[in-house]
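Printed here is upload-v2.cif (mmCIF, N, CA and C atoms):
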data_target
#
loop_
_atom_site.label_atom_id
_atom_site.label_comp_id
_atom_site.auth_asym_id
_atom_site.auth_seq_id
_atom_site.Cartn_x
_atom_site.Cartn_y
_atom_site.Cartn_z
N MET A 449 214.08 -10.55 135.20
CA MET A 449 215.25 -9.80 134.79
C MET A 449 214.93 -8.31 134.89
N ASN A 450 215.89 -7.56 135.43
CA ASN A 450 215.71 -6.11 135.54
C ASN A 450 216.86 -5.39 134.84
N LEU A 451 216.80 -4.07 134.84
CA LEU A 451 217.82 -3.30 134.11
C LEU A 451 219.20 -3.46 134.73
N LYS A 452 219.27 -3.76 136.01
CA LYS A 452 220.56 -4.04 136.64
C LYS A 452 221.21 -5.25 135.98
N ASP A 453 220.40 -6.28 135.71
CA ASP A 453 220.90 -7.49 135.05
C ASP A 453 221.33 -7.21 133.61
N VAL A 454 220.54 -6.40 132.92
CA VAL A 454 220.86 -6.06 131.52
C VAL A 454 222.18 -5.32 131.45
N LEU A 455 222.37 -4.34 132.36
CA LEU A 455 223.63 -3.59 132.37
C LEU A 455 224.81 -4.47 132.77
N ALA A 456 224.56 -5.43 133.66
CA ALA A 456 225.64 -6.35 134.05
C ALA A 456 226.09 -7.18 132.85
N ALA A 457 225.15 -7.54 131.98
CA ALA A 457 225.46 -8.35 130.80
C ALA A 457 226.12 -7.52 129.70
N LYS A 458 225.65 -6.30 129.47
CA LYS A 458 226.15 -5.51 128.34
C LYS A 458 227.23 -4.52 128.72
N GLY A 459 227.30 -4.14 129.97
CA GLY A 459 228.27 -3.15 130.43
C GLY A 459 227.62 -1.81 130.67
N HIS A 460 228.37 -0.96 131.34
CA HIS A 460 227.85 0.34 131.75
C HIS A 460 228.37 1.50 130.90
N ARG A 461 229.08 1.19 129.85
CA ARG A 461 229.68 2.22 129.01
C ARG A 461 228.61 3.10 128.38
N VAL A 462 228.79 4.41 128.52
CA VAL A 462 227.89 5.38 127.91
C VAL A 462 228.74 6.42 127.20
N VAL A 463 228.42 6.69 125.95
CA VAL A 463 229.12 7.71 125.19
C VAL A 463 228.42 9.04 125.46
N THR A 464 229.22 10.04 125.82
CA THR A 464 228.66 11.35 126.14
C THR A 464 229.29 12.43 125.27
N VAL A 465 228.55 13.51 125.10
CA VAL A 465 229.07 14.71 124.45
C VAL A 465 228.60 15.91 125.25
N SER A 466 229.29 17.00 125.11
CA SER A 466 228.91 18.25 125.76
C SER A 466 227.72 18.87 125.05
N ALA A 467 226.90 19.57 125.79
CA ALA A 467 225.76 20.28 125.19
C ALA A 467 226.22 21.31 124.18
N LYS A 468 227.42 21.83 124.36
CA LYS A 468 227.96 22.86 123.46
C LYS A 468 228.63 22.26 122.23
N SER A 469 228.76 20.94 122.18
CA SER A 469 229.36 20.28 121.01
C SER A 469 228.51 20.55 119.79
N SER A 470 229.15 20.51 118.64
CA SER A 470 228.39 20.63 117.40
C SER A 470 227.69 19.31 117.12
N VAL A 471 226.63 19.39 116.36
CA VAL A 471 225.93 18.18 115.93
C VAL A 471 226.89 17.29 115.14
N ALA A 472 227.75 17.89 114.34
CA ALA A 472 228.73 17.12 113.57
C ALA A 472 229.63 16.31 114.50
N ASP A 473 230.07 16.92 115.61
CA ASP A 473 230.90 16.19 116.57
C ASP A 473 230.14 15.04 117.22
N ALA A 474 228.87 15.24 117.50
CA ALA A 474 228.04 14.18 118.08
C ALA A 474 227.89 13.03 117.09
N ILE A 475 227.68 13.37 115.83
CA ILE A 475 227.55 12.34 114.78
C ILE A 475 228.86 11.56 114.67
N ARG A 476 229.98 12.26 114.69
CA ARG A 476 231.29 11.60 114.61
C ARG A 476 231.49 10.66 115.81
N ALA A 477 231.08 11.10 117.00
CA ALA A 477 231.22 10.27 118.20
C ALA A 477 230.36 9.02 118.07
N MET A 478 229.12 9.16 117.61
CA MET A 478 228.25 7.99 117.43
C MET A 478 228.85 7.02 116.43
N HIS A 479 229.39 7.56 115.34
CA HIS A 479 229.99 6.71 114.31
C HIS A 479 231.23 5.99 114.85
N ALA A 480 232.11 6.74 115.51
CA ALA A 480 233.36 6.17 116.03
C ALA A 480 233.09 5.09 117.08
N GLU A 481 232.10 5.31 117.90
CA GLU A 481 231.80 4.38 119.00
C GLU A 481 230.77 3.32 118.62
N GLU A 482 230.24 3.43 117.39
CA GLU A 482 229.24 2.50 116.87
C GLU A 482 228.03 2.39 117.80
N VAL A 483 227.48 3.57 118.14
CA VAL A 483 226.28 3.64 118.97
C VAL A 483 225.24 4.51 118.25
N GLY A 484 224.00 4.36 118.66
CA GLY A 484 222.90 5.11 118.03
C GLY A 484 222.47 6.32 118.82
N ALA A 485 223.12 6.55 119.97
CA ALA A 485 222.74 7.69 120.80
C ALA A 485 223.92 8.10 121.68
N VAL A 486 223.95 9.38 122.00
CA VAL A 486 224.92 9.90 122.96
C VAL A 486 224.16 10.65 124.04
N MET A 487 224.64 10.54 125.26
CA MET A 487 224.03 11.25 126.37
C MET A 487 224.72 12.61 126.54
N VAL A 488 223.96 13.56 127.05
CA VAL A 488 224.47 14.90 127.31
C VAL A 488 224.34 15.15 128.82
N PRO A 489 225.46 15.06 129.55
CA PRO A 489 225.41 15.27 131.00
C PRO A 489 225.68 16.72 131.37
N ASP A 490 225.27 17.10 132.59
CA ASP A 490 225.65 18.41 133.11
C ASP A 490 227.03 18.28 133.76
N ALA A 491 227.49 19.33 134.42
CA ALA A 491 228.83 19.34 135.02
C ALA A 491 229.02 18.26 136.08
N GLU A 492 227.92 17.85 136.74
CA GLU A 492 228.00 16.82 137.77
C GLU A 492 227.78 15.41 137.22
N GLY A 493 227.56 15.29 135.93
CA GLY A 493 227.36 13.99 135.32
C GLY A 493 225.92 13.54 135.26
N CYS A 494 225.01 14.40 135.70
CA CYS A 494 223.59 14.07 135.64
C CYS A 494 223.09 14.30 134.21
N PRO A 495 222.37 13.34 133.64
CA PRO A 495 221.94 13.51 132.25
C PRO A 495 220.89 14.62 132.10
N VAL A 496 221.14 15.49 131.13
CA VAL A 496 220.19 16.58 130.84
C VAL A 496 219.58 16.43 129.46
N GLY A 497 220.13 15.52 128.66
CA GLY A 497 219.59 15.32 127.33
C GLY A 497 220.17 14.09 126.67
N ILE A 498 219.55 13.75 125.54
CA ILE A 498 220.02 12.63 124.72
C ILE A 498 219.92 13.08 123.27
N PHE A 499 220.90 12.67 122.48
CA PHE A 499 220.93 12.99 121.06
C PHE A 499 221.08 11.68 120.31
N THR A 500 220.18 11.42 119.35
CA THR A 500 220.13 10.12 118.70
C THR A 500 220.19 10.24 117.17
N GLU A 501 220.37 9.08 116.54
CA GLU A 501 220.33 9.02 115.08
C GLU A 501 219.02 9.57 114.55
N ARG A 502 217.95 9.31 115.25
CA ARG A 502 216.64 9.80 114.83
C ARG A 502 216.60 11.33 114.82
N ASP A 503 217.28 11.95 115.78
CA ASP A 503 217.37 13.42 115.79
C ASP A 503 218.07 13.93 114.54
N VAL A 504 219.12 13.23 114.13
CA VAL A 504 219.86 13.62 112.92
C VAL A 504 218.95 13.53 111.69
N VAL A 505 218.21 12.44 111.57
CA VAL A 505 217.32 12.25 110.42
C VAL A 505 216.27 13.35 110.39
N ARG A 506 215.68 13.65 111.54
CA ARG A 506 214.66 14.71 111.60
C ARG A 506 215.24 16.06 111.20
N MET A 507 216.45 16.34 111.68
CA MET A 507 217.09 17.62 111.32
C MET A 507 217.30 17.70 109.81
N TYR A 508 217.86 16.65 109.26
CA TYR A 508 218.15 16.64 107.83
C TYR A 508 216.86 16.79 107.01
N ALA A 509 215.84 16.04 107.39
CA ALA A 509 214.56 16.09 106.68
C ALA A 509 213.92 17.48 106.79
N GLY A 510 214.18 18.13 107.92
CA GLY A 510 213.62 19.47 108.14
C GLY A 510 214.43 20.59 107.52
N GLY A 511 215.53 20.27 106.88
CA GLY A 511 216.34 21.28 106.21
C GLY A 511 217.51 21.81 107.01
N ASP A 512 217.67 21.35 108.27
CA ASP A 512 218.82 21.77 109.08
C ASP A 512 220.00 20.89 108.71
N ARG A 513 220.92 21.45 107.93
CA ARG A 513 222.02 20.62 107.42
C ARG A 513 223.40 21.16 107.72
N ASP A 514 223.50 22.27 108.42
CA ASP A 514 224.81 22.80 108.76
C ASP A 514 225.22 22.24 110.12
N PHE A 515 225.55 20.95 110.11
CA PHE A 515 225.80 20.23 111.35
C PHE A 515 227.02 20.74 112.12
N ASP A 516 227.93 21.43 111.43
CA ASP A 516 229.10 21.98 112.12
C ASP A 516 228.75 23.20 112.95
N LYS A 517 227.70 23.91 112.58
CA LYS A 517 227.33 25.14 113.31
C LYS A 517 226.22 24.92 114.33
N LEU A 518 225.39 23.90 114.14
CA LEU A 518 224.31 23.63 115.08
C LEU A 518 224.86 22.93 116.32
N THR A 519 224.37 23.33 117.49
CA THR A 519 224.83 22.68 118.73
C THR A 519 223.90 21.54 119.12
N VAL A 520 224.46 20.60 119.83
CA VAL A 520 223.68 19.48 120.35
C VAL A 520 222.59 20.02 121.28
N GLU A 521 222.94 21.00 122.08
CA GLU A 521 222.00 21.60 123.03
C GLU A 521 220.72 22.07 122.36
N ALA A 522 220.85 22.59 121.15
CA ALA A 522 219.69 23.12 120.43
C ALA A 522 218.82 22.02 119.83
N ARG A 523 219.35 20.82 119.71
CA ARG A 523 218.61 19.74 119.02
C ARG A 523 218.40 18.48 119.85
N MET A 524 218.98 18.40 121.04
CA MET A 524 218.83 17.20 121.85
C MET A 524 217.43 17.11 122.45
N THR A 525 217.06 15.92 122.84
CA THR A 525 215.81 15.70 123.56
C THR A 525 216.09 15.95 125.03
N CYS A 526 215.36 16.90 125.60
CA CYS A 526 215.59 17.29 127.01
C CYS A 526 214.63 16.61 127.98
N SER A 527 213.47 16.28 127.52
CA SER A 527 212.48 15.66 128.41
C SER A 527 212.76 14.16 128.49
N LEU A 528 213.76 13.82 129.28
CA LEU A 528 214.22 12.43 129.36
C LEU A 528 213.27 11.55 130.16
N VAL A 529 213.05 10.39 129.64
CA VAL A 529 212.39 9.31 130.37
C VAL A 529 213.53 8.40 130.79
N VAL A 530 213.59 8.06 132.07
CA VAL A 530 214.71 7.25 132.56
C VAL A 530 214.20 5.98 133.21
N GLY A 531 215.07 5.00 133.23
CA GLY A 531 214.80 3.75 133.92
C GLY A 531 215.62 3.70 135.20
N ARG A 532 215.22 2.82 136.08
CA ARG A 532 215.93 2.56 137.34
C ARG A 532 216.47 1.14 137.31
N LEU A 533 217.46 0.86 138.11
CA LEU A 533 218.07 -0.47 138.13
C LEU A 533 217.06 -1.57 138.42
N ALA A 534 216.08 -1.29 139.25
CA ALA A 534 215.09 -2.30 139.63
C ALA A 534 213.97 -2.47 138.61
N MET A 535 213.90 -1.60 137.59
CA MET A 535 212.85 -1.70 136.57
C MET A 535 213.02 -3.00 135.81
N SER A 536 211.92 -3.71 135.60
CA SER A 536 212.01 -4.97 134.86
C SER A 536 212.25 -4.69 133.38
N ALA A 537 212.85 -5.65 132.71
CA ALA A 537 213.08 -5.53 131.27
C ALA A 537 211.75 -5.43 130.53
N ASP A 538 210.75 -6.17 131.00
CA ASP A 538 209.43 -6.11 130.39
C ASP A 538 208.82 -4.71 130.51
N GLU A 539 208.96 -4.12 131.68
CA GLU A 539 208.44 -2.77 131.89
C GLU A 539 209.16 -1.76 131.00
N ALA A 540 210.48 -1.89 130.90
CA ALA A 540 211.26 -1.00 130.05
C ALA A 540 210.87 -1.17 128.59
N LEU A 541 210.72 -2.42 128.13
CA LEU A 541 210.29 -2.67 126.75
C LEU A 541 208.92 -2.05 126.47
N GLY A 542 208.00 -2.23 127.41
CA GLY A 542 206.67 -1.66 127.25
C GLY A 542 206.70 -0.15 127.17
N LEU A 543 207.48 0.47 128.04
CA LEU A 543 207.61 1.93 128.06
C LEU A 543 208.20 2.44 126.75
N MET A 544 209.26 1.79 126.29
CA MET A 544 209.93 2.23 125.06
C MET A 544 209.03 2.03 123.84
N THR A 545 208.28 0.95 123.82
CA THR A 545 207.36 0.69 122.71
C THR A 545 206.22 1.69 122.72
N GLU A 546 205.64 1.91 123.89
CA GLU A 546 204.51 2.83 124.00
C GLU A 546 204.90 4.27 123.66
N ARG A 547 206.06 4.70 124.14
CA ARG A 547 206.50 6.09 123.93
C ARG A 547 207.31 6.27 122.65
N ARG A 548 207.60 5.16 121.95
CA ARG A 548 208.27 5.17 120.65
C ARG A 548 209.68 5.77 120.69
N PHE A 549 210.50 5.27 121.61
CA PHE A 549 211.92 5.63 121.61
C PHE A 549 212.74 4.36 121.81
N ARG A 550 214.02 4.44 121.44
CA ARG A 550 214.85 3.23 121.40
C ARG A 550 215.98 3.20 122.41
N HIS A 551 216.18 4.26 123.17
CA HIS A 551 217.28 4.31 124.13
C HIS A 551 216.76 4.82 125.47
N LEU A 552 217.09 4.09 126.53
CA LEU A 552 216.62 4.43 127.86
C LEU A 552 217.81 4.59 128.80
N PRO A 553 218.05 5.83 129.27
CA PRO A 553 219.11 6.03 130.26
C PRO A 553 218.70 5.39 131.58
N VAL A 554 219.65 4.77 132.25
CA VAL A 554 219.40 4.17 133.56
C VAL A 554 220.07 5.09 134.59
N VAL A 555 219.24 5.61 135.49
CA VAL A 555 219.69 6.63 136.44
C VAL A 555 219.28 6.23 137.86
N GLU A 556 220.18 6.40 138.80
CA GLU A 556 219.88 6.22 140.23
C GLU A 556 220.52 7.38 140.97
N ASP A 557 219.75 8.00 141.85
CA ASP A 557 220.23 9.12 142.67
C ASP A 557 220.89 10.21 141.82
N GLY A 558 220.30 10.50 140.67
CA GLY A 558 220.80 11.55 139.80
C GLY A 558 222.05 11.19 139.03
N LYS A 559 222.52 9.95 139.15
CA LYS A 559 223.75 9.53 138.48
C LYS A 559 223.41 8.59 137.32
N LEU A 560 223.98 8.88 136.16
CA LEU A 560 223.80 8.05 134.97
C LEU A 560 224.64 6.79 135.12
N LEU A 561 223.97 5.63 135.13
CA LEU A 561 224.66 4.36 135.32
C LEU A 561 224.84 3.56 134.04
N GLY A 562 224.07 3.88 133.03
CA GLY A 562 224.16 3.16 131.78
C GLY A 562 223.05 3.58 130.84
N LEU A 563 223.07 2.99 129.67
CA LEU A 563 222.08 3.27 128.64
C LEU A 563 221.71 1.94 128.00
N VAL A 564 220.42 1.61 127.99
CA VAL A 564 220.00 0.38 127.34
C VAL A 564 219.19 0.72 126.10
N SER A 565 219.40 -0.07 125.08
CA SER A 565 218.63 0.12 123.84
C SER A 565 217.55 -0.95 123.78
N ILE A 566 216.60 -0.73 122.93
CA ILE A 566 215.55 -1.73 122.76
C ILE A 566 216.17 -3.04 122.25
N GLY A 567 217.23 -2.93 121.47
CA GLY A 567 217.94 -4.12 121.00
C GLY A 567 218.59 -4.89 122.13
N ASP A 568 219.16 -4.18 123.12
CA ASP A 568 219.74 -4.84 124.29
C ASP A 568 218.67 -5.64 125.04
N LEU A 569 217.50 -5.02 125.19
CA LEU A 569 216.41 -5.66 125.92
C LEU A 569 215.87 -6.87 125.18
N VAL A 570 215.72 -6.75 123.87
CA VAL A 570 215.24 -7.88 123.07
C VAL A 570 216.24 -9.03 123.13
N LYS A 571 217.52 -8.72 123.04
CA LYS A 571 218.56 -9.75 123.12
C LYS A 571 218.47 -10.50 124.44
N GLU A 572 218.33 -9.78 125.54
CA GLU A 572 218.25 -10.42 126.84
C GLU A 572 216.97 -11.25 126.98
N LYS A 573 215.86 -10.75 126.44
CA LYS A 573 214.61 -11.50 126.48
C LYS A 573 214.72 -12.79 125.66
N LEU A 574 215.38 -12.73 124.51
CA LEU A 574 215.60 -13.93 123.70
C LEU A 574 216.46 -14.95 124.44
N ASN A 575 217.51 -14.48 125.10
CA ASN A 575 218.36 -15.38 125.89
C ASN A 575 217.56 -16.03 127.02
N GLU A 576 216.74 -15.22 127.69
CA GLU A 576 215.91 -15.73 128.78
C GLU A 576 214.92 -16.79 128.26
N THR A 577 214.31 -16.52 127.13
CA THR A 577 213.36 -17.46 126.54
C THR A 577 214.06 -18.76 126.14
N ALA A 578 215.26 -18.66 125.57
CA ALA A 578 216.01 -19.85 125.18
C ALA A 578 216.37 -20.69 126.40
N GLN A 579 216.75 -20.05 127.51
CA GLN A 579 217.08 -20.78 128.73
C GLN A 579 215.84 -21.47 129.30
N GLU A 580 214.71 -20.79 129.27
CA GLU A 580 213.47 -21.39 129.76
C GLU A 580 213.09 -22.61 128.90
N ALA A 581 213.22 -22.47 127.58
CA ALA A 581 212.91 -23.58 126.68
C ALA A 581 213.82 -24.77 126.94
N GLN A 582 215.10 -24.50 127.17
CA GLN A 582 216.06 -25.57 127.46
C GLN A 582 215.71 -26.26 128.78
N ALA A 583 215.33 -25.49 129.79
CA ALA A 583 214.95 -26.06 131.08
C ALA A 583 213.69 -26.93 130.93
N LEU A 584 212.74 -26.46 130.14
CA LEU A 584 211.52 -27.25 129.91
C LEU A 584 211.83 -28.54 129.18
N ARG A 585 212.70 -28.49 128.17
CA ARG A 585 213.09 -29.70 127.45
C ARG A 585 213.75 -30.71 128.38
N ALA A 586 214.63 -30.19 129.24
CA ALA A 586 215.32 -31.07 130.19
C ALA A 586 214.33 -31.68 131.18
N TYR A 587 213.36 -30.91 131.61
CA TYR A 587 212.35 -31.41 132.54
C TYR A 587 211.49 -32.50 131.88
N ILE A 588 211.09 -32.26 130.64
CA ILE A 588 210.26 -33.22 129.91
C ILE A 588 211.04 -34.51 129.65
N ALA A 589 212.33 -34.37 129.31
CA ALA A 589 213.15 -35.54 128.99
C ALA A 589 213.45 -36.39 130.22
N SER A 590 213.37 -35.82 131.41
CA SER A 590 213.72 -36.61 132.62
C SER A 590 212.54 -37.32 133.23
#
Please rewrite the model in this file as structure tokens.
Amino acid sequence: MNLKDVLAAKGHRVVTVSAKSSVADAIRAMHAEEVGAVMVPDAEGCPVGIFTERDVVRMYAGGDRDFDKLTVEARMTCSLVVGRLAMSADEALGLMTERRFRHLPVVEDGKLLGLVSIGDLVKEKLNETAQEAQALRAYIAS
């Protein structure tokens, strides 16, 4: 299974906000869309940053609490690690676990195609394992 398969199962919907948006607007967007991260694209749609729930927690813990005045651009993660459609789910899980992040943008030719979370990957791995177990049971029973 690769990221192309994961996106086919979960969909390609990505919630985005402008870099100039306030942190409060980004938080509202995450809440309204029930997601844990928003992507920040440039004018051509190429991702330049990601803003996550973890960023909000760090800001709050660090004393930055005027979310209406702070911009996403000032607090987003700019050094993006991205996945490709052909990347295996196992490789993506390993990368996310090793680097300690939960959201991986999927990009091809500079275009954002989707966003997978570690939860999406675990769900797909569980489904794959259940199918393998069922196939083994059927093989043993025959």
**Message:** Ranking A:Leu584, A:Val520, A:Ala467, A:Val564 by minimum distance to Pro489 in chain A and counting only C-alpha atoms, which one comes first?
**Reply:** A:Ala467
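Across the structure, atom N of Gly531 in chain A and atom C of Ser469 in chain A are spaced 24.6 Å apart.
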**Request:** Please indicate the distance in Å from CA of Gly562 in chain A to atom N of Ala509 in chain A, rounded to one decimal place.
**Result:** 28.8 Å
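For the atom pair formed by atom N of Pro553 in chain A and CA of Val530 in chain A, the distance is 4.9 Å, given to one decimal.
Closest to Lys517 in chain A among A:Ile566, A:Met535, A:Ile588, A:Val471 is A:Val471, based on only N, CA and C atoms.
Using all atoms listed in the file, the shortest contact distance between Ser536 in chain A and any of A:Met478, A:Asp568, A:Leu451, A:Gly493 is found at A:Leu451.
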**Item:** Every residue of range 454-583 of chain A that DSSP places in helix (DSSP H, G or I), as JSON, numbers by chain
**Value:** {"A": [454, 455, 456, 457, 458, 471, 472, 473, 474, 475, 476, 477, 478, 479, 480, 481, 501, 502, 503, 504, 505, 506, 507, 508, 509, 520, 521, 522, 523, 537, 538, 539, 540, 541, 542, 543, 544, 545, 546, 547, 566, 567, 568, 569, 570, 571, 572, 573, 574, 575, 576, 577, 578, 579, 580, 581, 582, 583]}
**Asked** Care to translate the PyMOL selection byres (((chain A and resi 540 and name CA) around 12) and name CA) into actual residues of this file, as an MDAnalysis selection string?
**Response** chainID A and resid 449:452 454 529:539 541:554 563:570 573
Given only N, CA and C atoms, how would the per-residue table for range 513-565 of chain A near range 497-506 of chain A read, listing every residue at most 7 Å away with its closest atom pair and distance in Å to one decimal, sorted by chain and number, as a tab-separated table?
residue	atom	partner	partner_atom	distance
A:Arg523	C	A:Phe499	CA	6.2
A:Met524	CA	A:Ile498	C	4.5
A:Thr525	N	A:Ile498	C	4.1
A:Cys526	CA	A:Gly497	CA	4.5
A:Ser527	N	A:Gly497	CA	6.2
A:Leu528	N	A:Gly497	CA	6.3
Mind writing the picked residues with N, CA and C atoms as a short mmCIF file (atom, residue, chain, number, x, y, z; two decimals), keeping the file's coordinate frame?
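This went into again28.cif:
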data_model
loop_
_atom_site.label_atom_id
_atom_site.label_comp_id
_atom_site.auth_asym_id
_atom_site.auth_seq_id
_atom_site.Cartn_x
_atom_site.Cartn_y
_atom_site.Cartn_z
N ARG A 523 219.35 20.82 119.71
CA ARG A 523 218.61 19.74 119.02
C ARG A 523 218.40 18.48 119.85
N MET A 524 218.98 18.40 121.04
CA MET A 524 218.83 17.20 121.85
C MET A 524 217.43 17.11 122.45
N THR A 525 217.06 15.92 122.84
CA THR A 525 215.81 15.70 123.56
C THR A 525 216.09 15.95 125.03
N CYS A 526 215.36 16.90 125.60
CA CYS A 526 215.59 17.29 127.01
C CYS A 526 214.63 16.61 127.98
N SER A 527 213.47 16.28 127.52
CA SER A 527 212.48 15.66 128.41
C SER A 527 212.76 14.16 128.49
N LEU A 528 213.76 13.82 129.28
CA LEU A 528 214.22 12.43 129.36
C LEU A 528 213.27 11.55 130.16
#
**Prompt:** Hey, which of A:Asp453, A:Arg513, A:Asp473, A:Lys559 ends up closest to Asp490 in chain A? Count only C-alpha atoms.
**Reply:** A:Lys559
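Residue membership of the PyMOL selection byres (((chain A and resi 486 and name CA) around 9) and name CA) in the shown file amounts to Val462, Val463, Thr464, Val465, Ala474, Ile475, Ala477, Met478, Val483, Gly484, Ala485, Met487, Val488, Gly497, Ile498, Phe499 and Thr500 of chain A.
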**Message:** Run DSSP on the backbone and tell me which residues of range 471-574 of chain A come out as strand (DSSP E); list them as number ranges by chain.
**Reply:** A: 485-489, 495-500, 551-556, 559-565
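Minimum atom-to-atom distance to Ser470 in chain A, evaluated using only N, CA and C atoms, belongs to A:Leu518 out of A:Ala578, A:Leu518, A:Leu561, A:Val496.
Nearest to Thr519 in chain A of all the residues A:Ala472, A:Ala589, A:Ala480, A:Leu455 is A:Ala472, counting only N, CA and C atoms.
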